[in-house]
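Okay, work_22.txt is below, compact mmCIF, C-alpha atoms:
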```txt
# COMPACT_ATOMS: atom_id res chain seq x y z
CA MET U 712 1.76 -2.33 -3.19
CA CYS U 713 0.64 1.26 -3.65
CA LEU U 714 3.68 2.06 -5.73
CA GLY U 715 3.11 2.83 -9.40
CA ILE U 716 5.79 2.54 -12.05
CA PRO U 717 6.14 5.15 -14.82
CA MET U 718 5.98 3.71 -18.35
CA ARG U 719 5.90 5.19 -21.85
CA VAL U 720 3.04 4.42 -24.23
CA ILE U 721 4.41 2.92 -27.46
CA ALA U 722 1.19 1.65 -29.07
CA ARG U 723 -2.51 1.80 -28.35
CA ASP U 724 -5.58 -0.26 -29.23
CA GLY U 725 -8.71 1.00 -27.48
CA PHE U 726 -8.23 0.78 -23.73
CA VAL U 727 -5.12 -1.37 -24.07
CA ALA U 728 -1.76 0.33 -24.43
CA ARG U 729 1.57 -1.30 -25.09
CA CYS U 730 3.91 0.40 -22.63
CA SER U 731 7.63 0.27 -22.16
CA ALA U 732 10.07 1.05 -19.37
CA ARG U 733 13.72 0.06 -19.04
CA GLY U 734 13.42 -2.29 -22.03
CA ILE U 735 10.46 -4.17 -20.57
CA GLU U 736 7.12 -4.07 -22.41
CA ARG U 737 3.69 -4.68 -20.91
CA ASP U 738 0.06 -4.40 -21.96
CA VAL U 739 -1.49 -1.76 -19.72
CA SER U 740 -5.17 -0.90 -19.31
CA LEU U 741 -6.12 2.74 -19.91
CA PHE U 742 -9.62 2.12 -18.50
CA LEU U 743 -8.94 4.38 -15.49
CA LEU U 744 -7.75 7.27 -17.72
CA GLN U 745 -10.89 7.60 -19.85
CA HIS U 746 -11.09 11.29 -18.94
CA GLU U 747 -7.66 12.03 -20.45
CA PRO U 748 -6.36 11.95 -24.02
CA ILE U 749 -3.45 9.49 -24.04
CA ASP U 750 -1.18 9.52 -27.07
CA ILE U 751 1.79 7.47 -28.14
CA GLY U 752 4.88 8.84 -26.39
CA ASP U 753 2.95 9.90 -23.25
CA HIS U 754 4.08 8.69 -19.83
CA VAL U 755 1.69 7.06 -17.36
CA VAL U 756 2.01 5.70 -13.81
CA VAL U 757 1.16 1.99 -13.92
CA HIS U 758 -0.10 0.04 -10.91
CA VAL U 759 -1.18 -3.64 -11.11
CA GLY U 760 -1.58 -3.37 -14.87
CA TYR U 761 -3.67 -0.19 -14.89
CA ALA U 762 -2.49 3.31 -15.75
CA ILE U 763 -3.66 5.43 -12.79
CA GLN U 764 -2.30 8.84 -13.83
CA LYS U 765 -0.70 10.59 -16.78
CA ILE U 766 2.63 12.25 -15.86
CA ASP U 767 5.24 14.42 -17.54
CA PRO U 768 8.51 12.89 -18.80
CA VAL U 769 10.59 14.72 -16.16
CA ALA U 770 8.59 13.17 -13.31
CA ALA U 771 8.92 9.77 -15.00
CA ALA U 772 12.72 10.07 -15.29
CA GLN U 773 13.08 11.17 -11.66
CA ALA U 774 10.97 8.26 -10.46
CA TRP U 775 13.13 5.83 -12.44
CA GLU U 776 16.30 7.02 -10.69
CA LEU U 777 14.69 5.76 -7.48
CA TYR U 778 13.24 2.53 -8.87
CA ASP U 779 16.61 1.49 -10.31
CA GLN U 780 17.99 1.66 -6.77
CA MET U 781 14.98 -0.26 -5.40
CA LEU U 782 15.35 -3.03 -7.98
CA ALA U 783 19.06 -3.34 -7.14
CA ALA U 784 18.20 -3.53 -3.43
CA ASP U 785 15.49 -6.14 -4.13
CA ALA U 786 17.97 -8.27 -6.07
CA GLN U 787 20.39 -8.05 -3.15
CA ASP U 788 17.63 -8.90 -0.67
CA ALA U 789 16.51 -11.92 -2.73
CA GLY U 790 20.13 -13.01 -3.08
CA ALA U 791 20.61 -12.82 0.69
CA ARG U 792 17.45 -14.83 1.33
CA ASN U 793 18.31 -17.52 -1.19
CA ALA U 794 21.90 -17.82 -0.04
CA MET O 299 19.31 20.50 -10.92
CA ASN O 300 19.18 16.69 -10.96
CA ALA O 301 17.28 14.65 -8.39
CA ALA O 302 20.30 13.98 -6.17
CA ALA O 303 21.23 17.66 -6.10
CA GLN O 304 17.61 18.56 -5.27
CA ALA O 305 17.66 16.08 -2.40
CA ARG O 306 20.93 17.54 -1.04
CA ASP O 307 19.45 21.03 -1.33
CA TRP O 308 16.35 20.10 0.67
CA LEU O 309 18.51 18.33 3.23
CA ALA O 310 20.67 21.44 3.69
CA ARG O 311 17.56 23.61 4.08
CA ILE O 312 16.19 21.26 6.75
CA ALA O 313 19.56 21.11 8.54
CA ALA O 314 19.61 24.92 8.72
CA ILE O 315 16.40 24.95 10.78
CA ALA O 316 16.76 25.09 14.55
CA PRO O 317 13.31 24.35 15.94
CA ALA O 318 12.32 25.00 19.55
CA ARG O 319 10.95 21.50 19.94
CA PRO O 320 11.41 18.16 18.21
CA ILE O 321 8.95 16.93 15.58
CA ARG O 322 7.61 13.45 14.89
CA VAL O 323 6.46 12.93 11.29
CA MET O 324 4.33 9.94 10.35
CA ASN O 325 4.12 8.43 6.88
CA VAL O 326 1.28 6.08 5.93
CA CYS O 327 2.69 4.40 2.87
CA GLY O 328 4.97 1.39 2.59
CA GLY O 329 6.47 2.94 -0.55
CA HIS O 330 7.46 6.05 1.43
CA GLU O 331 8.96 3.94 4.18
CA ARG O 332 10.97 1.95 1.64
CA SER O 333 12.37 5.13 0.08
CA ILE O 334 13.20 6.61 3.49
CA SER O 335 14.96 3.42 4.59
CA MET O 336 16.77 2.78 1.33
CA ALA O 337 18.01 6.34 1.01
CA GLY O 338 19.07 6.21 4.68
CA LEU O 339 17.21 9.47 5.38
CA ARG O 340 16.99 8.79 9.13
CA GLY O 341 20.79 8.75 9.29
CA VAL O 342 21.26 12.11 7.56
CA LEU O 343 18.38 14.13 9.01
CA PRO O 344 18.90 16.20 12.20
CA ASP O 345 18.14 14.29 15.39
CA TRP O 346 15.18 16.53 16.26
CA ILE O 347 13.17 14.84 13.47
CA THR O 348 11.72 11.39 14.09
CA LEU O 349 10.21 9.59 11.11
CA ILE O 350 7.49 7.13 12.10
CA PRO O 351 6.08 4.49 9.74
CA GLY O 352 2.31 4.33 10.31
CA PRO O 353 -0.57 2.35 8.76
CA GLY O 354 0.85 2.01 5.25
CA CYS O 355 0.59 -1.68 4.55
CA PRO O 356 -2.74 -3.13 3.38
CA VAL O 357 -1.48 -6.70 3.64
CA CYS O 358 -0.52 -6.12 7.29
CA VAL O 359 -4.02 -4.99 8.30
CA CYS O 360 -5.96 -7.42 6.09
CA PRO O 361 -8.37 -9.12 8.53
CA GLU O 362 -7.18 -12.46 9.79
CA GLU O 363 -10.73 -13.76 9.16
CA ASP O 364 -10.44 -12.84 5.46
CA VAL O 365 -7.19 -14.76 5.05
CA HIS O 366 -8.84 -17.67 6.89
CA ALA O 367 -11.83 -17.45 4.53
CA ALA O 368 -9.52 -17.45 1.50
CA ILE O 369 -7.77 -20.55 2.82
CA GLY O 370 -11.18 -22.20 3.32
CA LEU O 371 -12.21 -21.35 -0.26
CA ALA O 372 -8.90 -22.65 -1.61
CA ARG O 373 -9.54 -26.00 0.07
CA ARG O 374 -12.97 -26.24 -1.52
CA PRO O 375 -12.95 -28.75 -4.45
CA GLY O 376 -12.97 -27.18 -7.91
CA THR O 377 -11.84 -23.78 -6.67
CA ILE O 378 -8.81 -21.68 -7.58
CA VAL O 379 -7.82 -18.82 -5.28
CA VAL O 380 -5.58 -16.10 -6.69
CA ALA O 381 -4.09 -13.22 -4.69
CA PHE O 382 -1.34 -10.62 -4.91
CA GLY O 383 1.90 -12.43 -4.05
CA ASP O 384 2.43 -10.95 -0.58
CA MET O 385 -0.86 -12.38 0.68
CA LEU O 386 0.21 -15.99 0.21
CA ARG O 387 2.60 -16.01 3.16
CA VAL O 388 0.43 -14.08 5.63
CA PRO O 389 -0.12 -16.34 8.67
CA THR O 390 -3.45 -16.91 10.43
CA ASN O 391 -4.11 -18.27 13.92
CA GLY O 392 -5.30 -21.79 13.11
CA PRO O 393 -4.39 -25.10 14.73
CA ARG O 394 -1.08 -26.54 13.53
CA ALA O 395 -2.80 -29.49 11.83
CA GLN O 396 -4.51 -27.12 9.35
CA PRO O 397 -2.96 -24.83 6.73
CA ARG O 398 -2.39 -21.47 8.38
CA SER O 399 -1.51 -19.51 5.24
CA LEU O 400 -2.48 -19.69 1.57
CA GLN O 401 1.03 -20.95 0.87
CA GLU O 402 0.54 -23.83 3.33
CA ALA O 403 -2.84 -24.56 1.72
CA ARG O 404 -1.11 -24.76 -1.64
CA ALA O 405 1.54 -27.11 -0.23
CA ALA O 406 -1.35 -29.29 1.01
CA GLY O 407 -2.76 -29.53 -2.52
CA ALA O 408 -5.06 -26.51 -2.87
CA ASP O 409 -4.93 -24.52 -6.12
CA VAL O 410 -3.56 -21.17 -4.96
CA ARG O 411 -1.76 -18.88 -7.40
CA PRO O 412 -0.03 -15.52 -7.03
CA VAL O 413 -1.06 -12.83 -9.52
CA ALA O 414 0.46 -9.45 -10.30
CA SER O 415 -2.65 -7.86 -11.79
CA PRO O 416 -6.44 -8.13 -12.07
CA ALA O 417 -5.97 -8.97 -15.78
CA GLU O 418 -3.99 -12.06 -14.80
CA ALA O 419 -6.81 -13.18 -12.47
CA VAL O 420 -9.36 -12.76 -15.27
CA ARG O 421 -7.14 -14.70 -17.68
CA ILE O 422 -6.81 -17.63 -15.25
CA ALA O 423 -10.63 -17.67 -14.83
CA HIS O 424 -11.05 -17.80 -18.63
CA GLU O 425 -8.51 -20.61 -18.91
CA ASN O 426 -10.31 -22.72 -16.27
CA PRO O 427 -14.01 -22.39 -17.11
CA ARG O 428 -15.00 -25.51 -15.18
CA GLN O 429 -13.54 -24.20 -11.93
CA GLU O 430 -14.61 -21.38 -9.66
CA LEU O 431 -12.00 -18.65 -9.47
CA VAL O 432 -11.87 -16.39 -6.38
CA PHE O 433 -9.69 -13.28 -6.54
CA PHE O 434 -8.68 -12.43 -2.96
CA ALA O 435 -7.98 -8.71 -3.37
CA ALA O 436 -6.45 -6.71 -0.53
CA GLY O 437 -5.24 -3.17 -0.99
CA PHE O 438 -5.62 0.54 -0.37
CA GLU O 439 -7.30 2.94 -2.80
CA THR O 440 -4.50 2.74 -5.39
CA THR O 441 -5.15 -0.99 -5.78
CA SER O 442 -8.90 -0.86 -5.13
CA ALA O 443 -9.46 1.40 -8.16
CA PRO O 444 -8.01 -1.14 -10.63
CA VAL O 445 -10.07 -3.88 -8.93
CA ALA O 446 -13.19 -1.71 -9.36
CA ALA O 447 -12.26 -1.18 -13.03
CA MET O 448 -11.84 -4.92 -13.51
CA ILE O 449 -15.32 -5.56 -12.05
CA ALA O 450 -16.87 -2.77 -14.13
CA GLN O 451 -15.33 -4.24 -17.29
CA GLY O 452 -17.11 -7.54 -16.59
CA LEU O 453 -15.97 -10.81 -15.02
CA PRO O 454 -16.19 -14.34 -16.43
CA ALA O 455 -19.19 -16.28 -15.01
CA ASN O 456 -16.91 -18.50 -12.91
CA MET O 457 -15.14 -15.60 -11.18
CA SER O 458 -15.81 -13.71 -7.96
CA VAL O 459 -13.90 -11.36 -5.67
CA LEU O 460 -13.11 -11.69 -1.96
CA LEU O 461 -12.51 -8.02 -1.28
CA SER O 462 -10.37 -6.70 1.58
CA ALA O 463 -10.02 -3.12 0.38
CA ARG O 464 -9.23 -0.37 2.84
CA ARG O 465 -9.24 3.42 2.74
CA THR O 466 -6.16 5.12 4.13
CA TRP O 467 -7.38 8.43 5.57
CA PRO O 468 -9.93 6.97 8.04
CA ALA O 469 -7.06 5.15 9.82
CA VAL O 470 -5.22 8.45 10.18
CA ALA O 471 -8.45 10.08 11.39
CA MET O 472 -8.75 7.31 14.00
CA LEU O 473 -5.17 7.92 15.19
CA LEU O 474 -5.78 11.68 15.35
CA GLY O 475 -8.96 11.13 17.35
CA ALA O 476 -6.98 9.38 20.09
CA ASP O 477 -5.81 11.25 23.20
CA THR O 478 -2.17 10.90 22.14
CA PRO O 479 -1.88 10.50 18.36
CA GLY O 480 1.89 9.97 18.72
CA PHE O 481 2.96 12.27 15.87
CA ASP O 482 3.09 15.99 15.11
CA ALA O 483 2.82 16.03 11.32
CA LEU O 484 1.82 13.79 8.44
CA VAL O 485 3.36 12.97 5.07
CA ALA O 486 0.39 11.84 2.96
CA PRO O 487 0.72 8.96 0.46
CA GLY O 488 1.52 9.99 -3.11
CA HIS O 489 -0.14 7.31 -5.18
CA VAL O 490 -3.23 7.06 -2.95
CA ALA O 491 -3.53 10.83 -3.49
CA ALA O 492 -2.90 10.41 -7.24
CA VAL O 493 -6.12 8.38 -7.33
CA MET O 494 -8.19 10.07 -4.62
CA GLY O 495 -6.83 13.64 -4.77
CA SER O 496 -4.85 15.69 -2.27
CA GLU O 497 -8.01 17.28 -0.84
CA GLU O 498 -8.81 14.06 1.07
CA TRP O 499 -5.97 15.00 3.44
CA ARG O 500 -7.04 18.55 4.18
CA PHE O 501 -8.82 17.39 7.37
CA VAL O 502 -5.42 16.70 8.97
CA ALA O 503 -4.56 20.40 8.95
CA GLU O 504 -8.00 21.95 9.20
CA ARG O 505 -9.76 19.63 11.67
CA HIS O 506 -6.79 18.44 13.72
CA GLY O 507 -4.34 21.33 13.34
CA LEU O 508 -1.46 19.15 12.16
CA PRO O 509 0.94 20.00 9.33
CA CYS O 510 0.42 17.82 6.26
CA ALA O 511 2.13 17.42 2.88
CA VAL O 512 1.57 14.96 0.04
CA ALA O 513 4.87 13.41 -1.08
CA GLY O 514 6.15 11.35 -3.98
CA PHE O 515 8.63 8.55 -3.55
CA GLU O 516 11.92 10.12 -4.63
CA PRO O 517 14.09 11.37 -1.74
CA ALA O 518 13.80 14.94 -3.10
CA SER O 519 9.99 14.84 -2.97
CA LEU O 520 9.98 13.26 0.51
CA LEU O 521 12.48 15.85 1.78
CA ALA O 522 10.44 18.67 0.23
CA ALA O 523 7.40 17.36 2.10
CA LEU O 524 9.38 17.09 5.35
CA HIS O 525 10.60 20.66 4.89
CA ALA O 526 7.00 21.76 4.30
CA VAL O 527 5.60 20.16 7.45
CA ILE O 528 8.56 21.30 9.58
CA SER O 529 8.06 24.89 8.37
CA GLN O 530 4.35 24.68 9.17
CA HIS O 531 5.15 23.20 12.59
CA ILE O 532 7.51 26.08 13.43
CA SER O 533 5.23 28.82 12.11
CA GLY O 534 2.23 27.31 13.88
CA ARG O 535 0.23 27.49 10.64
CA PRO O 536 -0.76 23.96 9.68
CA ALA O 537 -1.87 23.54 6.07
CA LEU O 538 -2.09 20.98 3.29
CA GLU O 539 0.76 21.16 0.77
CA ASN O 540 1.23 19.13 -2.38
CA CYS O 541 4.89 18.21 -2.91
CA TYR O 542 4.08 15.71 -5.68
CA GLU O 543 2.80 18.07 -8.35
CA GLY O 544 2.74 16.58 -11.82
CA VAL O 545 1.28 13.36 -10.42
CA VAL O 546 -1.17 14.46 -7.71
CA THR O 547 -4.04 16.87 -8.33
CA ARG O 548 -6.59 18.27 -5.89
CA GLY O 549 -9.38 15.98 -7.07
CA GLY O 550 -7.36 12.93 -8.10
CA ASN O 551 -8.39 10.65 -10.93
CA PRO O 552 -12.09 11.31 -11.70
CA THR O 553 -12.64 8.06 -13.62
CA ALA O 554 -11.12 6.00 -10.79
CA ARG O 555 -13.19 7.77 -8.15
CA ALA O 556 -16.41 7.32 -10.13
CA LEU O 557 -15.67 3.61 -10.56
CA LEU O 558 -14.91 3.17 -6.85
CA ASP O 559 -18.24 4.85 -6.06
CA GLY O 560 -20.15 2.84 -8.63
CA VAL O 561 -18.82 -0.61 -7.80
CA PHE O 562 -18.16 -0.35 -4.06
CA GLU O 563 -19.87 1.12 -1.03
CA THR O 564 -18.05 2.53 1.96
CA VAL O 565 -18.37 0.43 5.11
CA ASP O 566 -17.01 0.25 8.65
CA ALA O 567 -14.25 -2.31 8.40
CA PRO O 568 -11.98 -4.35 10.68
CA TRP O 569 -8.19 -3.88 10.61
CA ARG O 570 -6.22 -6.85 11.85
CA GLY O 571 -5.25 -6.56 15.51
CA ILE O 572 -6.59 -3.00 15.62
CA GLY O 573 -10.37 -3.30 15.44
CA THR O 574 -13.11 -1.73 13.38
CA ILE O 575 -12.44 1.72 11.93
CA PRO O 576 -15.49 3.71 10.76
CA ALA O 577 -15.89 4.15 6.98
CA SER O 578 -12.49 2.59 6.35
CA GLY O 579 -13.43 -0.19 3.95
CA PHE O 580 -14.87 -0.79 0.52
CA ALA O 581 -17.44 -3.54 -0.02
CA ILE O 582 -18.94 -4.74 -3.31
CA ARG O 583 -22.37 -3.15 -3.80
CA PRO O 584 -25.32 -5.48 -3.06
CA GLU O 585 -26.56 -5.27 -6.67
CA LEU O 586 -23.25 -6.90 -7.71
CA ALA O 587 -23.54 -9.67 -5.09
CA ARG O 588 -23.12 -12.43 -7.68
CA LEU O 589 -19.53 -11.21 -8.13
CA ASP O 590 -18.92 -11.09 -4.38
CA ALA O 591 -17.32 -14.26 -2.99
CA ARG O 592 -18.84 -13.44 0.41
CA ALA O 593 -22.35 -13.72 -1.07
CA ARG O 594 -21.54 -16.52 -3.50
CA PHE O 595 -20.03 -18.95 -0.99
CA ASP O 596 -20.84 -19.87 2.56
CA ILE O 597 -18.14 -18.02 4.46
CA ALA O 598 -19.24 -18.40 8.07
CA ALA O 599 -17.05 -17.35 10.97
CA ASP O 600 -16.04 -20.36 13.06
CA PRO O 601 -17.00 -19.51 16.65
CA ALA O 602 -14.61 -22.19 17.95
CA ARG O 603 -11.61 -20.38 16.48
CA THR O 604 -9.63 -18.61 19.17
CA ARG O 605 -7.65 -15.44 18.33
CA ALA O 606 -9.77 -14.83 15.22
CA GLY O 607 -8.99 -11.34 13.94
CA GLN O 608 -5.85 -11.05 16.03
CA MET O 609 -2.20 -10.86 15.14
CA PRO O 610 -0.22 -14.08 15.76
CA PRO O 611 0.70 -14.82 19.41
CA GLY O 612 3.59 -12.69 20.67
CA CYS O 613 3.52 -10.51 17.56
CA ASP O 614 3.49 -6.74 18.00
CA CYS O 615 2.53 -5.93 14.37
CA ALA O 616 -0.61 -4.06 15.46
CA ARG O 617 1.41 -1.51 17.46
CA VAL O 618 3.96 -1.28 14.64
CA VAL O 619 1.17 -0.53 12.12
CA LEU O 620 -0.19 2.21 14.37
CA GLY O 621 3.26 3.76 14.80
CA ARG O 622 3.09 3.17 18.57
CA ILE O 623 6.40 1.30 18.49
CA ALA O 624 9.20 1.07 15.95
CA PRO O 625 9.77 -2.32 14.31
CA ASP O 626 12.95 -3.00 16.29
CA GLN O 627 11.03 -2.51 19.55
CA CYS O 628 9.15 -5.77 18.94
CA THR O 629 10.93 -8.51 20.88
CA LEU O 630 10.57 -10.92 17.95
CA PHE O 631 12.12 -8.53 15.37
CA GLY O 632 15.16 -10.03 13.68
CA ARG O 633 15.20 -12.95 16.12
CA ALA O 634 12.15 -15.24 15.91
CA CYS O 635 10.72 -13.06 13.10
CA THR O 636 12.68 -12.49 9.86
CA PRO O 637 11.57 -12.41 6.20
CA ARG O 638 12.61 -16.04 5.94
CA THR O 639 10.51 -17.09 8.96
CA PRO O 640 7.95 -14.30 9.40
CA VAL O 641 5.75 -14.43 12.50
CA GLY O 642 3.59 -11.41 11.67
CA PRO O 643 2.35 -9.80 8.44
CA CYS O 644 4.61 -6.72 8.81
CA MET O 645 7.60 -9.01 8.18
CA VAL O 646 5.88 -10.68 5.20
CA SER O 647 4.87 -7.79 2.97
CA ASP O 648 7.23 -5.62 0.93
CA GLU O 649 5.21 -2.75 2.37
CA GLY O 650 5.47 -3.91 5.98
CA ALA O 651 7.60 -1.68 8.19
CA CYS O 652 9.35 -4.68 9.81
CA ARG O 653 10.30 -6.20 6.46
CA ILE O 654 11.56 -2.84 5.18
CA TRP O 655 13.60 -2.13 8.31
CA TRP O 656 15.06 -5.64 8.35
CA SER O 657 16.00 -5.51 4.66
CA ALA O 658 17.56 -2.04 4.92
CA GLY O 659 19.26 -2.78 8.25
CA THR O 660 17.34 0.12 9.82
CA ARG O 661 17.46 0.64 13.57
CA ARG O 662 16.15 3.44 15.74
CA ARG O 663 18.75 6.15 16.22
CA ARG O 664 20.09 6.61 19.74
CA ALA O 665 18.17 9.88 20.08
CA ASP O 666 14.86 8.23 19.11
CA ALA O 667 15.54 5.10 21.18
CA ALA O 668 15.92 7.24 24.31
CA ASP O 669 12.30 8.47 24.00
```

Take the structure in the file and write it out as structure tokens.
Amino acid sequence: MCLGIPMRVIARDGFVARCSARGIERDVSLFLLQHEPIDIGDHVVVHVGYAIQKIDPVAAAQAWELYDQMLAADAQDAGARNA
Amino acid sequence: MNAAAQARDWLARIAAIAPARPIRVMNVCGGHERSISMAGLRGVLPDWITLIPGPGCPVCVCPEEDVHAAIGLARRPGTIVVAFGDMLRVPTNGPRAQPRSLQEARAAGADVRPVASPAEAVRIAHENPRQELVFFAAGFETTSAPVAAMIAQGLPANMSVLLSARRTWPAVAMLLGADTPGFDALVAPGHVAAVMGSEEWRFVAERHGLPCAVAGFEPASLLAALHAVISQHISGRPALENCYEGVVTRGGNPTARALLDGVFETVDAPWRGIGTIPASGFAIRPELARLDARARFDIAADPARTRAGQMPPGCDCARVVLGRIAPDQCTLFGRACTPRTPVGPCMVSDEGACRIWWSAGTRRRRADAAD
């Protein structure tokens, strides 16, 4: 539950940012990053709908290598349980 | 160098070390344990390193009484209870005739809904203005900060929060205060530290003399942190190292910390099956009591309830959470207790060590099992 997912900001309206990762888009709150300038194209770590930290694109890409594996494992796990 | 090459490099550097004595490294984050298990790190690391999953699952330690209270609120007419998905299946110790989990309460007709975010809880409250909405929110600091932000941004009049928020480091401090902590070094949780700052973990090295490194979730970051604590262990110079730079800073997220301070107060708090740990919980400040489900509704402990606060009968989740035993040392593991028919919370949650080990097919190595 304490795992955040890196996403890229593609639009912003006040504290609400439209963010994208792996083709999925979500509205994300920037309320917890009021101390940081967040621009379109920036990467943020998103946890339960809130951006908790701004990160560089390299860190975001590395994290996604791992999450792709996790999602594949989750799909397998769910498949095994529903079988 | 790509991430896989970095991981191989760290692995080779660790393999080249020949320490005089073995080392037991605890992690306190379900996300770390998932990465370790999925990458199969236990199988490729030298046998003088034992990786121990510790208190890293907020759902697992959420007080049994709080789940019981949430079930009670869900059964109240005109009330909707929402919670992060994992919480719905967590079992309590009630009589068989009554719902013993939120999921069972829902099957019996209560309005219980899983949510993935505070925003979703607020939306459901707005959509149902004639009903009371209770957001049952369990989590460590990473989740507590968004919950604090949600409260600070304002809740609909029909909404309140049943908070079961816990702080991670006091549980580690409790373990380190014991006669036999059971580990020699700590890998500190990356996203808790992203919010709270790496400095929160300095006490591990400076007060208790144990090596400590903050890690991210990629194998390369975890292996870098393992290399850091092993090197400290060998040199006899414990320190705090940050192996998750770019995400974790010394002071963390200042807005999140200010919101946590403004909305919550720090309290002594019970951990399921473990007992009360000093300063380990967040509670909603008294001036915000109207948003606190504990103040808004009559949530009285039922003195007739036996095993209140305990893990389910026969379940060894409490010792698993504390790292005293490995998941596969519980006699129920993989037999009476599987993700399909979980007996204890550690088999329910995605962050629970039992669930992670079962899903990844993890077992103790022969070297560790002989301990």

Chain O residues near chain U (6 Å cut-off, all atoms listed in the file) as a ChimeraX atom specification = /O:329,415,440,516,544-545,553-554

Show me, as a PyMOL selection string, the residues that have an atom within 12 Å of range 405-412 of chain O when counting all atoms listed in the file, minus same-chain residues fewer than 6 positions from it. chain O and resi 368-387+395-399+418-419+422-423+426+429-435

Can you write just those residues out, C-alpha atoms, as a short mmCIF file (atom, residue, chain, number, x, y, z; two decimals), in the frame of the given file?
```cif
data_model
loop_
_atom_site.label_atom_id
_atom_site.label_comp_id
_atom_site.auth_asym_id
_atom_site.auth_seq_id
_atom_site.Cartn_x
_atom_site.Cartn_y
_atom_site.Cartn_z
CA ALA O 368 -9.52 -17.45 1.50
CA ILE O 369 -7.77 -20.55 2.82
CA GLY O 370 -11.18 -22.20 3.32
CA LEU O 371 -12.21 -21.35 -0.26
CA ALA O 372 -8.90 -22.65 -1.61
CA ARG O 373 -9.54 -26.00 0.07
CA ARG O 374 -12.97 -26.24 -1.52
CA PRO O 375 -12.95 -28.75 -4.45
CA GLY O 376 -12.97 -27.18 -7.91
CA THR O 377 -11.84 -23.78 -6.67
CA ILE O 378 -8.81 -21.68 -7.58
CA VAL O 379 -7.82 -18.82 -5.28
CA VAL O 380 -5.58 -16.10 -6.69
CA ALA O 381 -4.09 -13.22 -4.69
CA PHE O 382 -1.34 -10.62 -4.91
CA GLY O 383 1.90 -12.43 -4.05
CA ASP O 384 2.43 -10.95 -0.58
CA MET O 385 -0.86 -12.38 0.68
CA LEU O 386 0.21 -15.99 0.21
CA ARG O 387 2.60 -16.01 3.16
CA ALA O 395 -2.80 -29.49 11.83
CA GLN O 396 -4.51 -27.12 9.35
CA PRO O 397 -2.96 -24.83 6.73
CA ARG O 398 -2.39 -21.47 8.38
CA SER O 399 -1.51 -19.51 5.24
CA GLU O 418 -3.99 -12.06 -14.80
CA ALA O 419 -6.81 -13.18 -12.47
CA ILE O 422 -6.81 -17.63 -15.25
CA ALA O 423 -10.63 -17.67 -14.83
CA ASN O 426 -10.31 -22.72 -16.27
CA GLN O 429 -13.54 -24.20 -11.93
CA GLU O 430 -14.61 -21.38 -9.66
CA LEU O 431 -12.00 -18.65 -9.47
CA VAL O 432 -11.87 -16.39 -6.38
CA PHE O 433 -9.69 -13.28 -6.54
CA PHE O 434 -8.68 -12.43 -2.96
CA ALA O 435 -7.98 -8.71 -3.37
#
```

**Prompt:** Quick one: residues within 7 Å of range 717-720 of chain U, all atoms listed in the file counted, chain neighbours fewer than 2 positions away excluded, as a PyMOL selection string?
**Reply:** chain U and resi 715+722+728-732+751-757+771

Include C-alpha atoms and write out the residues we just selected as an mmCIF file, in the frame of the given file.
```
data_model
loop_
_atom_site.group_PDB
_atom_site.id
_atom_site.type_symbol
_atom_site.label_atom_id
_atom_site.label_comp_id
_atom_site.auth_asym_id
_atom_site.auth_seq_id
_atom_site.Cartn_x
_atom_site.Cartn_y
_atom_site.Cartn_z
ATOM 1 C CA GLY U 715 3.110 2.830 -9.400
ATOM 2 C CA ALA U 722 1.190 1.650 -29.070
ATOM 3 C CA ALA U 728 -1.760 0.330 -24.430
ATOM 4 C CA ARG U 729 1.570 -1.300 -25.090
ATOM 5 C CA CYS U 730 3.910 0.400 -22.630
ATOM 6 C CA SER U 731 7.630 0.270 -22.160
ATOM 7 C CA ALA U 732 10.070 1.050 -19.370
ATOM 8 C CA ILE U 751 1.790 7.470 -28.140
ATOM 9 C CA GLY U 752 4.880 8.840 -26.390
ATOM 10 C CA ASP U 753 2.950 9.900 -23.250
ATOM 11 C CA HIS U 754 4.080 8.690 -19.830
ATOM 12 C CA VAL U 755 1.690 7.060 -17.360
ATOM 13 C CA VAL U 756 2.010 5.700 -13.810
ATOM 14 C CA VAL U 757 1.160 1.990 -13.920
ATOM 15 C CA ALA U 771 8.920 9.770 -15.000
#
```

Counting only C-alpha atoms, select every polymer residue within 12 Å of (-6.0, 21.2, 7.1) as defined in the file's coordinates, and provide the selection as an mmCIF file with C-alpha atoms, keeping the file's coordinate frame.
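Saved result, selection-v6.cif, follows:
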```
data_model
loop_
_atom_site.group_PDB
_atom_site.id
_atom_site.type_symbol
_atom_site.label_atom_id
_atom_site.label_comp_id
_atom_site.auth_asym_id
_atom_site.auth_seq_id
_atom_site.Cartn_x
_atom_site.Cartn_y
_atom_site.Cartn_z
ATOM 1 C CA ALA O 483 2.820 16.030 11.320
ATOM 2 C CA LEU O 484 1.820 13.790 8.440
ATOM 3 C CA SER O 496 -4.850 15.690 -2.270
ATOM 4 C CA GLU O 497 -8.010 17.280 -0.840
ATOM 5 C CA GLU O 498 -8.810 14.060 1.070
ATOM 6 C CA TRP O 499 -5.970 15.000 3.440
ATOM 7 C CA ARG O 500 -7.040 18.550 4.180
ATOM 8 C CA PHE O 501 -8.820 17.390 7.370
ATOM 9 C CA VAL O 502 -5.420 16.700 8.970
ATOM 10 C CA ALA O 503 -4.560 20.400 8.950
ATOM 11 C CA GLU O 504 -8.000 21.950 9.200
ATOM 12 C CA ARG O 505 -9.760 19.630 11.670
ATOM 13 C CA HIS O 506 -6.790 18.440 13.720
ATOM 14 C CA GLY O 507 -4.340 21.330 13.340
ATOM 15 C CA LEU O 508 -1.460 19.150 12.160
ATOM 16 C CA PRO O 509 0.940 20.000 9.330
ATOM 17 C CA CYS O 510 0.420 17.820 6.260
ATOM 18 C CA ALA O 511 2.130 17.420 2.880
ATOM 19 C CA VAL O 527 5.600 20.160 7.450
ATOM 20 C CA GLN O 530 4.350 24.680 9.170
ATOM 21 C CA ARG O 535 0.230 27.490 10.640
ATOM 22 C CA PRO O 536 -0.760 23.960 9.680
ATOM 23 C CA ALA O 537 -1.870 23.540 6.070
ATOM 24 C CA LEU O 538 -2.090 20.980 3.290
ATOM 25 C CA GLU O 539 0.760 21.160 0.770
#
```
